[in-house]
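Text of work-v5.pdb, listed as PDB, C-alpha atoms:
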```pdb
ATOM      1  CA  VAL A 555     114.024 178.873 126.949
ATOM      2  CA  SER A 556     113.696 178.619 130.709
ATOM      3  CA  ASP A 557     116.187 175.721 130.732
ATOM      4  CA  VAL A 558     118.706 177.859 128.891
ATOM      5  CA  ARG A 559     118.085 180.664 131.340
ATOM      6  CA  THR A 560     118.678 178.485 134.411
ATOM      7  CA  TRP A 561     121.805 177.117 132.796
ATOM      8  CA  TRP A 562     123.053 180.643 132.066
ATOM      9  CA  HIS A 563     122.341 181.687 135.643
ATOM     10  CA  ARG A 564     124.119 178.663 137.026
ATOM     11  CA  LEU A 565     127.092 179.366 134.781
ATOM     12  CA  GLY A 566     127.224 182.761 136.421
ATOM     13  CA  SER A 567     127.504 181.144 139.840
ATOM     14  CA  PRO A 568     131.191 180.840 140.765
ATOM     15  CA  ARG A 569     130.455 178.104 143.283
ATOM     16  CA  TRP A 570     128.736 175.923 140.681
ATOM     17  CA  PHE A 571     131.494 176.572 138.145
ATOM     18  CA  TYR A 572     134.108 175.697 140.765
ATOM     19  CA  GLY A 573     132.551 172.254 141.198
ATOM     20  CA  VAL A 574     132.401 171.647 137.460
ATOM     21  CA  SER A 575     136.000 172.821 136.999
ATOM     22  CA  ARG A 576     137.306 170.532 139.703
ATOM     23  CA  ALA A 577     135.469 167.584 138.155
ATOM     24  CA  PHE A 578     136.676 168.086 134.579
ATOM     25  CA  ALA A 579     140.098 169.739 134.887
ATOM     26  CA  PRO A 580     142.119 166.601 135.801
ATOM     27  CA  TRP A 581     140.580 164.582 132.962
ATOM     28  CA  LEU A 582     141.116 167.220 130.308
ATOM     29  CA  THR A 583     144.661 167.900 131.496
ATOM     30  CA  GLY A 584     145.550 164.199 131.700
ATOM     31  CA  LEU A 585     144.113 163.344 128.294
ATOM     32  CA  GLY A 586     145.757 166.422 126.807
ATOM     33  CA  VAL A 587     149.211 165.589 128.144
ATOM     34  CA  ALA A 588     148.826 161.972 127.000
ATOM     35  CA  ALA A 589     147.797 163.017 123.470
ATOM     36  CA  ILE A 590     150.655 165.502 123.265
ATOM     37  CA  ALA A 591     153.151 162.868 124.432
ATOM     38  CA  VAL A 592     151.943 160.430 121.753
ATOM     39  CA  ALA A 593     152.037 163.143 119.096
ATOM     40  CA  PHE A 594     155.548 164.297 120.031
ATOM     41  CA  VAL A 595     157.033 160.780 119.894
ATOM     42  CA  TRP A 596     155.140 160.098 116.670
ATOM     43  CA  GLY A 597     156.195 163.348 115.069
ATOM     44  CA  LEU A 598     159.803 163.254 116.244
ATOM     45  CA  ALA A 599     160.655 159.608 115.596
ATOM     46  CA  PHE A 600     158.133 158.121 113.172
ATOM     47  CA  ALA A 601     156.949 160.788 110.741
ATOM     48  CA  PRO A 602     158.983 160.848 107.518
ATOM     49  CA  PRO A 603     161.411 163.764 107.009
ATOM     50  CA  ASP A 604     160.302 166.676 104.845
ATOM     51  CA  TYR A 605     161.817 166.546 101.369
ATOM     52  CA  GLN A 606     162.745 170.262 101.536
ATOM     53  CA  GLN A 607     163.369 170.976 105.202
ATOM     54  CA  GLY A 608     164.753 167.648 106.358
ATOM     55  CA  ASN A 609     164.139 167.173 110.067
ATOM     56  CA  SER A 610     163.738 170.761 111.238
ATOM     57  CA  PHE A 611     160.090 170.570 110.100
ATOM     58  CA  ARG A 612     159.433 168.376 113.180
ATOM     59  CA  ILE A 613     159.254 171.610 115.178
ATOM     60  CA  MET A 614     155.869 171.971 113.469
ATOM     61  CA  TYR A 615     154.280 169.429 115.856
ATOM     62  CA  LEU A 616     154.914 171.898 118.669
ATOM     63  CA  HIS A 617     154.876 175.257 116.892
ATOM     64  CA  VAL A 618     151.580 174.942 115.019
ATOM     65  CA  PRO A 619     149.431 173.769 117.987
ATOM     66  CA  ALA A 620     151.003 176.448 120.204
ATOM     67  CA  ALA A 621     150.166 179.104 117.614
ATOM     68  CA  ILE A 622     146.590 177.792 117.198
ATOM     69  CA  LEU A 623     145.977 177.909 120.956
ATOM     70  CA  ALA A 624     147.636 181.326 121.237
ATOM     71  CA  GLN A 625     144.895 182.603 118.921
ATOM     72  CA  ASN A 626     141.984 180.635 120.338
ATOM     73  CA  CYS A 627     142.832 181.591 123.903
ATOM     74  CA  TYR A 628     142.608 185.224 122.807
ATOM     75  CA  ILE A 629     139.293 184.644 121.022
ATOM     76  CA  LEU A 630     137.962 183.088 124.230
ATOM     77  CA  MET A 631     139.027 186.175 126.201
ATOM     78  CA  GLY A 632     137.282 188.389 123.652
ATOM     79  CA  VAL A 633     134.058 186.375 124.010
ATOM     80  CA  ALA A 634     134.381 186.495 127.807
ATOM     81  CA  GLY A 635     134.875 190.256 127.496
ATOM     82  CA  VAL A 636     131.582 190.602 125.608
ATOM     83  CA  VAL A 637     129.795 188.433 128.193
ATOM     84  CA  LEU A 638     131.199 190.580 131.006
ATOM     85  CA  LEU A 639     130.206 193.885 129.418
ATOM     86  CA  VAL A 640     126.761 192.779 128.227
ATOM     87  CA  TRP A 641     125.582 190.515 131.061
ATOM     88  CA  ARG A 642     127.887 191.694 133.859
ATOM     89  CA  MET A 643     128.774 188.071 134.559
ATOM     90  CA  LYS A 644     131.563 188.010 137.139
ATOM     91  CA  LEU A 645     132.669 184.573 136.022
ATOM     92  CA  ALA A 646     133.597 185.989 132.604
ATOM     93  CA  ASP A 647     136.047 188.343 134.297
ATOM     94  CA  MET A 648     137.545 185.444 136.238
ATOM     95  CA  VAL A 649     138.011 183.510 132.982
ATOM     96  CA  ILE A 650     139.921 186.462 131.483
ATOM     97  CA  VAL A 651     142.144 186.642 134.580
ATOM     98  CA  ALA A 652     142.770 182.891 134.369
ATOM     99  CA  ALA A 653     143.367 182.791 130.600
ATOM    100  CA  ALA A 654     145.673 185.788 130.051
ATOM    101  CA  PRO A 655     148.908 184.442 131.635
ATOM    102  CA  TRP A 656     148.573 181.081 129.916
ATOM    103  CA  GLY A 657     147.826 182.742 126.597
ATOM    104  CA  CYS A 658     150.830 184.999 127.026
ATOM    105  CA  MET A 659     153.056 181.993 127.722
ATOM    106  CA  ILE A 660     151.783 179.934 124.794
ATOM    107  CA  THR A 661     152.180 182.910 122.431
ATOM    108  CA  ALA A 662     155.766 183.296 123.655
ATOM    109  CA  LEU A 663     156.259 179.581 122.960
ATOM    110  CA  ALA A 664     154.859 179.951 119.430
ATOM    111  CA  LEU A 665     157.166 182.916 118.789
ATOM    112  CA  ALA A 666     160.236 181.172 120.258
ATOM    113  CA  THR A 667     159.730 177.894 118.391
ATOM    114  CA  GLY A 668     158.991 179.882 115.242
ATOM    115  CA  ALA A 669     162.272 181.739 115.590
ATOM    116  CA  ILE A 670     164.182 178.508 116.217
ATOM    117  CA  TRP A 671     162.505 176.904 113.208
ATOM    118  CA  GLY A 672     163.182 179.994 111.107
ATOM    119  CA  LYS A 673     166.946 179.907 111.607
ATOM    120  CA  PRO A 674     167.674 176.678 109.698
ATOM    121  CA  THR A 675     164.743 177.168 107.301
ATOM    122  CA  TRP A 676     164.807 180.868 106.374
ATOM    123  CA  GLY A 677     168.361 181.571 107.506
ATOM    124  CA  THR A 678     167.196 184.107 110.073
ATOM    125  CA  TRP A 679     165.681 184.062 113.560
ATOM    126  CA  TRP A 680     163.224 186.829 112.843
ATOM    127  CA  VAL A 681     161.633 188.716 109.969
ATOM    128  CA  TRP A 682     159.218 191.605 110.273
ATOM    129  CA  ASP A 683     156.666 190.034 107.995
ATOM    130  CA  ALA A 684     152.930 190.327 108.533
ATOM    131  CA  ARG A 685     152.481 186.972 110.262
ATOM    132  CA  THR A 686     155.327 187.200 112.759
ATOM    133  CA  THR A 687     154.636 190.867 113.504
ATOM    134  CA  SER A 688     150.910 190.341 114.121
ATOM    135  CA  VAL A 689     151.659 187.441 116.496
ATOM    136  CA  LEU A 690     154.171 189.643 118.322
ATOM    137  CA  VAL A 691     151.405 192.264 118.644
ATOM    138  CA  GLN A 692     149.187 189.571 120.138
ATOM    139  CA  PHE A 693     151.887 188.732 122.694
ATOM    140  CA  PHE A 694     151.937 192.396 123.747
ATOM    141  CA  LEU A 695     148.123 192.432 123.936
ATOM    142  CA  TYR A 696     148.225 189.539 126.407
ATOM    143  CA  ALA A 697     150.929 191.317 128.389
ATOM    144  CA  ALA A 698     148.891 194.541 128.345
ATOM    145  CA  ILE A 699     145.819 192.774 129.735
ATOM    146  CA  ILE A 700     147.904 191.274 132.558
ATOM    147  CA  ALA A 701     149.548 194.645 133.296
ATOM    148  CA  LEU A 702     146.238 196.520 133.164
ATOM    149  CA  ARG A 703     144.789 194.140 135.729
ATOM    150  CA  GLU A 704     147.736 194.781 138.055
ATOM    151  CA  ALA A 705     147.642 198.529 137.519
ATOM    152  CA  ILE A 706     143.979 199.189 138.312
ATOM    153  CA  GLY A 707     143.071 198.705 141.939
ATOM    154  CA  ARG A 708     139.300 198.511 141.768
ATOM    155  CA  GLU A 709     138.360 195.037 140.665
ATOM    156  CA  GLU A 710     135.273 196.034 138.703
ATOM    157  CA  THR A 711     137.011 198.840 136.822
ATOM    158  CA  ALA A 712     140.004 196.599 136.100
ATOM    159  CA  GLY A 713     137.698 193.854 134.850
ATOM    160  CA  ARG A 714     135.879 196.172 132.474
ATOM    161  CA  ALA A 715     139.089 197.725 131.161
ATOM    162  CA  CYS A 716     140.547 194.271 130.489
ATOM    163  CA  ALA A 717     137.318 193.188 128.772
ATOM    164  CA  VAL A 718     137.474 196.205 126.451
ATOM    165  CA  LEU A 719     141.120 195.501 125.647
ATOM    166  CA  ALA A 720     140.322 191.825 125.012
ATOM    167  CA  ILE A 721     137.531 192.775 122.591
ATOM    168  CA  VAL A 722     139.465 195.532 120.797
ATOM    169  CA  GLY A 723     142.550 193.326 120.550
ATOM    170  CA  ALA A 724     140.509 190.624 118.833
ATOM    171  CA  VAL A 725     140.745 192.777 115.685
ATOM    172  CA  ASN A 726     144.263 191.373 115.446
ATOM    173  CA  ILE A 727     142.974 187.790 115.122
ATOM    174  CA  PRO A 728     141.803 187.931 111.467
ATOM    175  CA  ILE A 729     144.991 189.858 110.661
ATOM    176  CA  ILE A 730     147.071 186.979 112.028
ATOM    177  CA  LYS A 731     144.927 184.400 110.288
ATOM    178  CA  TYR A 732     144.887 185.984 106.836
ATOM    179  CA  SER A 733     148.291 187.701 106.960
ATOM    180  CA  VAL A 734     149.833 184.824 105.017
ATOM    181  CA  ASP A 735     147.228 185.225 102.258
ATOM    182  CA  TRP A 736     146.910 189.025 102.135
ATOM    183  CA  TRP A 737     150.576 189.871 102.114
ATOM    184  CA  LEU A 738     153.650 188.265 100.680
ATOM    185  CA  THR A 739     155.131 186.726 103.814
ATOM    186  CA  LEU A 740     158.145 184.567 104.400
ATOM    187  CA  HIS A 741     155.926 182.532 106.702
ATOM    188  CA  GLN A 742     154.297 179.696 104.816
ATOM    189  CA  PRO A 743     150.508 179.694 104.354
ATOM    190  CA  ALA A 744     148.188 177.553 106.452
ATOM    191  CA  THR A 745     148.966 173.851 106.371
ATOM    192  CA  PHE A 746     145.335 172.879 106.774
ATOM    193  CA  LYS A 747     142.277 174.385 105.182
ATOM    194  CA  LEU A 748     138.733 173.233 105.811
ATOM    195  CA  THR A 749     137.991 173.563 102.122
ATOM    196  CA  ALA A 750     140.860 171.528 100.714
ATOM    197  CA  ALA A 751     142.568 168.204 101.247
ATOM    198  CA  PRO A 752     145.814 168.466 103.250
ATOM    199  CA  SER A 753     148.928 168.893 101.168
ATOM    200  CA  MET A 754     150.850 166.521 103.426
ATOM    201  CA  PRO A 755     150.694 162.732 103.533
ATOM    202  CA  PRO A 756     148.712 161.268 106.485
ATOM    203  CA  GLU A 757     151.831 159.977 108.269
ATOM    204  CA  MET A 758     152.921 163.617 108.455
ATOM    205  CA  TYR A 759     149.662 165.366 109.334
ATOM    206  CA  LEU A 760     148.109 162.807 111.702
ATOM    207  CA  PRO A 761     150.659 163.497 114.472
ATOM    208  CA  LEU A 762     149.945 167.211 113.980
ATOM    209  CA  ALA A 763     146.206 166.631 114.361
ATOM    210  CA  VAL A 764     146.767 164.587 117.538
ATOM    211  CA  SER A 765     149.100 167.257 118.909
ATOM    212  CA  ALA A 766     146.563 170.016 118.207
ATOM    213  CA  LEU A 767     143.821 167.977 119.887
ATOM    214  CA  GLY A 768     146.120 167.415 122.875
ATOM    215  CA  PHE A 769     146.823 171.153 123.157
ATOM    216  CA  TYR A 770     143.081 171.934 123.032
ATOM    217  CA  LEU A 771     142.441 169.436 125.844
ATOM    218  CA  LEU A 772     145.377 170.745 127.869
ATOM    219  CA  PHE A 773     144.120 174.305 127.392
ATOM    220  CA  GLY A 774     140.663 173.256 128.597
ATOM    221  CA  GLY A 775     142.054 171.536 131.688
ATOM    222  CA  VAL A 776     144.518 174.279 132.565
ATOM    223  CA  LEU A 777     141.937 177.019 132.049
ATOM    224  CA  LEU A 778     139.438 175.238 134.333
ATOM    225  CA  ALA A 779     142.091 174.650 137.008
ATOM    226  CA  ARG A 780     143.230 178.265 136.831
ATOM    227  CA  THR A 781     139.671 179.603 136.893
ATOM    228  CA  ALA A 782     138.926 177.426 139.943
ATOM    229  CA  ASN A 783     141.908 179.083 141.666
ATOM    230  CA  VAL A 784     140.670 182.560 140.772
ATOM    231  CA  ILE A 785     137.227 181.656 142.146
ATOM    232  CA  LEU A 786     138.795 180.506 145.443
ATOM    233  CA  GLU A 787     140.759 183.754 145.751
ATOM    234  CA  ARG A 788     137.799 185.977 144.943
ATOM    235  CA  GLU A 789     135.355 184.076 147.140
ATOM    236  CA  ARG A 790     137.745 183.453 150.018
ATOM    237  CA  ARG A 791     135.479 185.276 152.464
ATOM    238  CA  THR A 792     132.398 183.220 151.602
ATOM    239  CA  GLN A 793     131.065 180.412 153.752
ATOM    240  CA  TRP A 794     131.460 177.677 151.140
ATOM    241  CA  VAL A 795     135.154 178.427 150.561
ATOM    242  CA  GLN A 796     135.828 178.593 154.299
ATOM    243  CA  ASP A 797     134.039 175.231 154.668
ATOM    244  CA  LEU A 798     136.262 173.800 151.923
ATOM    245  CA  VAL A 799     139.363 175.073 153.726
ATOM    246  CA  ARG A 800     138.120 173.525 156.974
ATOM    247  CA  GLU A 801     137.593 170.169 155.227
ATOM    248  CA  THR A 802     141.123 170.115 153.776
ATOM    249  CA  ARG A 803     142.580 171.164 157.133
ATOM    250  CA  ALA A 804     140.965 168.245 158.952
TER
ATOM    251  CA  VAL B 119     160.892 154.683 112.735
ATOM    252  CA  SER B 120     162.430 157.122 110.289
ATOM    253  CA  PHE B 121     165.959 157.040 111.794
ATOM    254  CA  PRO B 122     168.370 154.105 111.367
ATOM    255  CA  THR B 123     170.205 154.690 114.694
ATOM    256  CA  PHE B 124     169.522 156.515 117.951
ATOM    257  CA  ALA B 125     172.464 158.824 117.222
ATOM    258  CA  ASP B 126     170.770 159.818 113.956
ATOM    259  CA  PHE B 127     167.585 160.493 115.902
ATOM    260  CA  LEU B 128     169.461 162.847 118.240
ATOM    261  CA  ALA B 129     171.308 164.520 115.373
ATOM    262  CA  MET B 130     168.091 165.186 113.392
ATOM    263  CA  GLY B 131     170.133 165.430 110.203
ATOM    264  CA  GLY B 132     172.186 168.305 111.604
ATOM    265  CA  HIS B 133     169.139 170.175 112.945
ATOM    266  CA  GLY B 134     169.250 168.487 116.353
ATOM    267  CA  LEU B 135     170.049 171.650 118.279
ATOM    268  CA  TYR B 136     167.053 173.497 116.790
ATOM    269  CA  VAL B 137     164.605 170.617 117.190
ATOM    270  CA  TRP B 138     165.611 169.666 120.728
ATOM    271  CA  THR B 139     165.792 173.251 121.983
ATOM    272  CA  SER B 140     162.254 173.817 120.711
ATOM    273  CA  TYR B 141     160.933 170.682 122.368
ATOM    274  CA  ALA B 142     162.736 171.439 125.629
ATOM    275  CA  LEU B 143     160.915 174.797 125.693
ATOM    276  CA  GLY B 144     157.632 173.083 124.802
ATOM    277  CA  VAL B 145     157.903 170.449 127.520
ATOM    278  CA  ALA B 146     158.892 173.116 130.057
ATOM    279  CA  ALA B 147     155.812 175.170 129.111
ATOM    280  CA  ILE B 148     153.510 172.141 129.384
ATOM    281  CA  VAL B 149     154.940 171.132 132.777
ATOM    282  CA  ALA B 150     154.638 174.722 134.011
ATOM    283  CA  SER B 151     151.014 174.982 132.913
ATOM    284  CA  VAL B 152     150.098 171.772 134.759
ATOM    285  CA  VAL B 153     152.216 172.241 137.897
ATOM    286  CA  GLY B 154     151.586 175.993 138.290
ATOM    287  CA  PRO B 155     147.835 175.888 139.059
ATOM    288  CA  ALA B 156     148.232 172.800 141.289
ATOM    289  CA  ARG B 157     150.856 174.581 143.396
ATOM    290  CA  ALA B 158     148.811 177.777 143.566
ATOM    291  CA  ARG B 159     145.842 175.744 144.777
ATOM    292  CA  ARG B 160     147.864 174.032 147.500
ATOM    293  CA  ARG B 161     149.297 177.380 148.581
ATOM    294  CA  PHE B 162     145.800 178.859 148.843
ATOM    295  CA  PHE B 163     144.619 176.086 151.158
ATOM    296  CA  VAL B 164     147.769 176.305 153.306
ATOM    297  CA  VAL B 165     147.472 180.085 153.722
ATOM    298  CA  GLU B 166     143.715 180.051 154.352
ATOM    299  CA  GLY B 167     144.048 177.058 156.690
ATOM    300  CA  GLU B 168     146.657 178.917 158.756
ATOM    301  CA  ARG B 169     144.386 181.952 158.881
ATOM    302  CA  GLN B 170     141.472 179.846 160.117
ATOM    303  CA  LYS B 171     143.673 178.327 162.832
ATOM    304  CA  ARG B 172     144.837 181.800 163.908
ATOM    305  CA  ASP B 173     141.260 183.095 163.992
ATOM    306  CA  LEU B 174     140.185 180.071 166.018
ATOM    307  CA  ALA B 175     143.068 180.533 168.478
ATOM    308  CA  GLY B 176     142.255 184.245 168.713
ATOM    309  CA  GLN B 177     138.624 183.460 169.495
ATOM    310  CA  ARG B 178     139.626 180.969 172.175
ATOM    311  CA  SER B 179     142.003 183.370 173.915
ATOM    312  CA  SER B 180     139.397 186.146 173.877
ATOM    313  CA  ASP B 181     136.843 183.681 175.306
ATOM    314  CA  ALA B 182     139.346 182.721 177.997
ATOM    315  CA  SER B 183     140.056 186.342 178.959
ATOM    316  CA  ARG B 184     136.343 187.066 179.084
ATOM    317  CA  SER B 185     135.631 184.132 181.456
ATOM    318  CA  SER B 186     138.537 184.959 183.810
TER
END
```
This entry written out as structure tokens:
Amino acid sequence: VSDVRTWWHRLGSPRWFYGVSRAFAPWLTGLGVAAIAVAFVWGLAFAPPDYQQGNSFRIMYLHVPAAILAQNCYILMGVAGVVLLVWRMKLADMVIVAAAPWGCMITALALATGAIWGKPTWGTWWVWDARTTSVLVQFFLYAAIIALREAIGREETAGRACAVLAIVGAVNIPIIKYSVDWWLTLHQPATFKLTAAPSMPPEMYLPLAVSALGFYLLFGGVLLARTANVILERERRTQWVQDLVRETRA
Amino acid sequence: VSFPTFADFLAMGGHGLYVWTSYALGVAAIVASVVGPARARRRFFVVEGERQKRDLAGQRSSDASRSS
């Protein structure tokens, strides 16, 4: 128990987390980009065409991982929100600040690639079905968290308001996830389920798995790098940051 | 490879514009998410480094005026 407690306390120390972030971020980012590159070439050039959709289905290797990370990034912000409100851990607030812009961007990417995929597949760029609408809501939730942060001057108040919004907005997550099962949507249901064998042949789903793994790694690396930057900004007056600046200046 | 020629690969069976536009956006997003934080970090150290130099120069000049 005491080990867990020291670990938890250390996690709350921005200086310690900065060191860890700087050590792991380049590796996660590098491995992520490499995996994504392999998956893209594999999916674009080597995977067999879909018997219904032809080659437009290859957008899947980008769209699906982007959509997965759009959701998981939000879940992470919700968890960080709980940690901030319950334990008053400043680091949790910094993680929300670091995650929101990336999450907003990746949600926009999921929406854009979905629209582009929809045109040749459904014959329309956009439908107001449950899946697309709930993801659009999530995009606005990200944007709201970013805007709220800008709008409130006091850092602590802004942090708590963003945490509440992150937690409340997480209600949308199960709606996104199950929208394709609960309602009749134009969007196709989940490609992968933990409880069933994939409906695609391996040469089709393996590149997707590699791409998703790559996006998870990239997210990890980018989030650490961004959090490290937030820590530097917030702690710019402290001795250890000023020492770091002095070292890089020399 | 599932395409007989490179031209077929680019054409994507008539869906080339959709596929390649999507991937252009994807690659741009990935590059932005890697380059963005690295640039922000460099900017932070440049700005803070300049501030340190200014503070140091300010201290020196105030020391000099005190000793004269």
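CA of Arg714 in chain A lies 28.2 Å from CA of Phe578 in chain A.
Proximity ranking of A:Leu585, A:Ala621, A:Ile613, A:Ile629 relative to chain B places A:Ile613 first, based on only C-alpha atoms.
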*Starting from the shown file, work through the PyMOL selection byres ((chain B) within 9 of (chain A)) and note down what comes out as a PyMOL selection string.*
chain B and resi 119-121+127+130-134+136-141+143-144+147-148+151-152+154-156+158-159+162-164+166-168+170
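With only C-alpha atoms as the atoms that count, the residue of A:Ala579, A:Ser753, A:Val640, A:Pro743 with the shortest distance to Val718 in chain A is A:Val640.
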*asked:* Which residues, named as in the file, does the PyMOL selection byres ((chain A and resi 719) around 12) pick out? Answer as an NGL selection string.
replied: :A and (628-629 or 631-636 or 639 or 650 or 654 or 692 or 694-703 or 712-718 or 720-726)
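The space between CA of Thr686 in chain A and CA of Cys627 in chain A spans 17.7 Å.
Distance-wise, CA of Val145 in chain B and CA of Ala653 in chain A end up 19.3 Å apart.
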*Do a neighbour search on range 763-767 of chain A at 7 Å with all atoms listed in the file, toss out local chain neighbours closer than 3 positions, and write the hits as number ranges by chain.*
A: 589-590, 593, 615, 619, 759-760, 770-771
With 8 Å on each side, where is the centre of the axis-aligned box around all listed atoms of range 157-169 of chain B, and how long are its edges in Å to one decimal, as AutoDock Vina command-line options?
```
--center_x 147.3 --center_y 178.0 --center_z 151.1 --size_x 23.1 --size_y 23.9 --size_z 31.5
```
N, CA and C atoms restored at range 649-668 of chain A, emitted as a PDB file, in the frame of the given file:
```pdb
ATOM      1  N   VAL A 649     137.451 184.285 134.089  1.00  0.00           N
ATOM      2  CA  VAL A 649     138.011 183.510 132.982  1.00  0.00           C
ATOM      3  C   VAL A 649     139.117 184.317 132.286  1.00  0.00           C
ATOM      4  N   ILE A 650     138.890 185.622 132.106  1.00  0.00           N
ATOM      5  CA  ILE A 650     139.921 186.462 131.483  1.00  0.00           C
ATOM      6  C   ILE A 650     141.182 186.471 132.349  1.00  0.00           C
ATOM      7  N   VAL A 651     140.996 186.636 133.655  1.00  0.00           N
ATOM      8  CA  VAL A 651     142.144 186.642 134.580  1.00  0.00           C
ATOM      9  C   VAL A 651     142.896 185.318 134.500  1.00  0.00           C
ATOM     10  N   ALA A 652     142.146 184.214 134.398  1.00  0.00           N
ATOM     11  CA  ALA A 652     142.770 182.891 134.369  1.00  0.00           C
ATOM     12  C   ALA A 652     143.451 182.624 133.036  1.00  0.00           C
ATOM     13  N   ALA A 653     142.882 183.137 131.940  1.00  0.00           N
ATOM     14  CA  ALA A 653     143.367 182.791 130.600  1.00  0.00           C
ATOM     15  C   ALA A 653     144.594 183.612 130.183  1.00  0.00           C
ATOM     16  N   ALA A 654     144.646 184.885 130.589  1.00  0.00           N
ATOM     17  CA  ALA A 654     145.673 185.788 130.051  1.00  0.00           C
ATOM     18  C   ALA A 654     147.118 185.288 130.256  1.00  0.00           C
ATOM     19  N   PRO A 655     147.511 184.873 131.477  1.00  0.00           N
ATOM     20  CA  PRO A 655     148.908 184.442 131.635  1.00  0.00           C
ATOM     21  C   PRO A 655     149.254 183.210 130.798  1.00  0.00           C
ATOM     22  N   TRP A 656     148.306 182.275 130.719  1.00  0.00           N
ATOM     23  CA  TRP A 656     148.573 181.081 129.916  1.00  0.00           C
ATOM     24  C   TRP A 656     148.689 181.452 128.440  1.00  0.00           C
ATOM     25  N   GLY A 657     147.782 182.301 127.992  1.00  0.00           N
ATOM     26  CA  GLY A 657     147.826 182.742 126.597  1.00  0.00           C
ATOM     27  C   GLY A 657     149.124 183.452 126.271  1.00  0.00           C
ATOM     28  N   CYS A 658     149.578 184.270 127.212  1.00  0.00           N
ATOM     29  CA  CYS A 658     150.830 184.999 127.026  1.00  0.00           C
ATOM     30  C   CYS A 658     151.989 184.010 126.887  1.00  0.00           C
ATOM     31  N   MET A 659     151.984 182.986 127.745  1.00  0.00           N
ATOM     32  CA  MET A 659     153.056 181.993 127.722  1.00  0.00           C
ATOM     33  C   MET A 659     153.043 181.201 126.419  1.00  0.00           C
ATOM     34  N   ILE A 660     151.850 180.778 125.992  1.00  0.00           N
ATOM     35  CA  ILE A 660     151.783 179.934 124.794  1.00  0.00           C
ATOM     36  C   ILE A 660     152.108 180.747 123.543  1.00  0.00           C
ATOM     37  N   THR A 661     151.800 182.043 123.552  1.00  0.00           N
ATOM     38  CA  THR A 661     152.180 182.910 122.431  1.00  0.00           C
ATOM     39  C   THR A 661     153.696 183.068 122.394  1.00  0.00           C
ATOM     40  N   ALA A 662     154.304 183.216 123.579  1.00  0.00           N
ATOM     41  CA  ALA A 662     155.766 183.296 123.655  1.00  0.00           C
ATOM     42  C   ALA A 662     156.384 182.010 123.115  1.00  0.00           C
ATOM     43  N   LEU A 663     155.749 180.867 123.443  1.00  0.00           N
ATOM     44  CA  LEU A 663     156.259 179.581 122.960  1.00  0.00           C
ATOM     45  C   LEU A 663     156.159 179.493 121.431  1.00  0.00           C
ATOM     46  N   ALA A 664     155.034 179.961 120.894  1.00  0.00           N
ATOM     47  CA  ALA A 664     154.859 179.951 119.430  1.00  0.00           C
ATOM     48  C   ALA A 664     155.908 180.834 118.765  1.00  0.00           C
ATOM     49  N   LEU A 665     156.163 182.006 119.346  1.00  0.00           N
ATOM     50  CA  LEU A 665     157.166 182.916 118.789  1.00  0.00           C
ATOM     51  C   LEU A 665     158.573 182.310 118.880  1.00  0.00           C
ATOM     52  N   ALA A 666     158.889 181.724 120.052  1.00  0.00           N
ATOM     53  CA  ALA A 666     160.236 181.172 120.258  1.00  0.00           C
ATOM     54  C   ALA A 666     160.487 179.990 119.336  1.00  0.00           C
ATOM     55  N   THR A 667     159.525 179.059 119.258  1.00  0.00           N
ATOM     56  CA  THR A 667     159.730 177.894 118.391  1.00  0.00           C
ATOM     57  C   THR A 667     159.730 178.324 116.929  1.00  0.00           C
ATOM     58  N   GLY A 668     158.976 179.362 116.607  1.00  0.00           N
ATOM     59  CA  GLY A 668     158.991 179.882 115.242  1.00  0.00           C
ATOM     60  C   GLY A 668     160.345 180.442 114.878  1.00  0.00           C
TER      61      GLY A 668
END
```
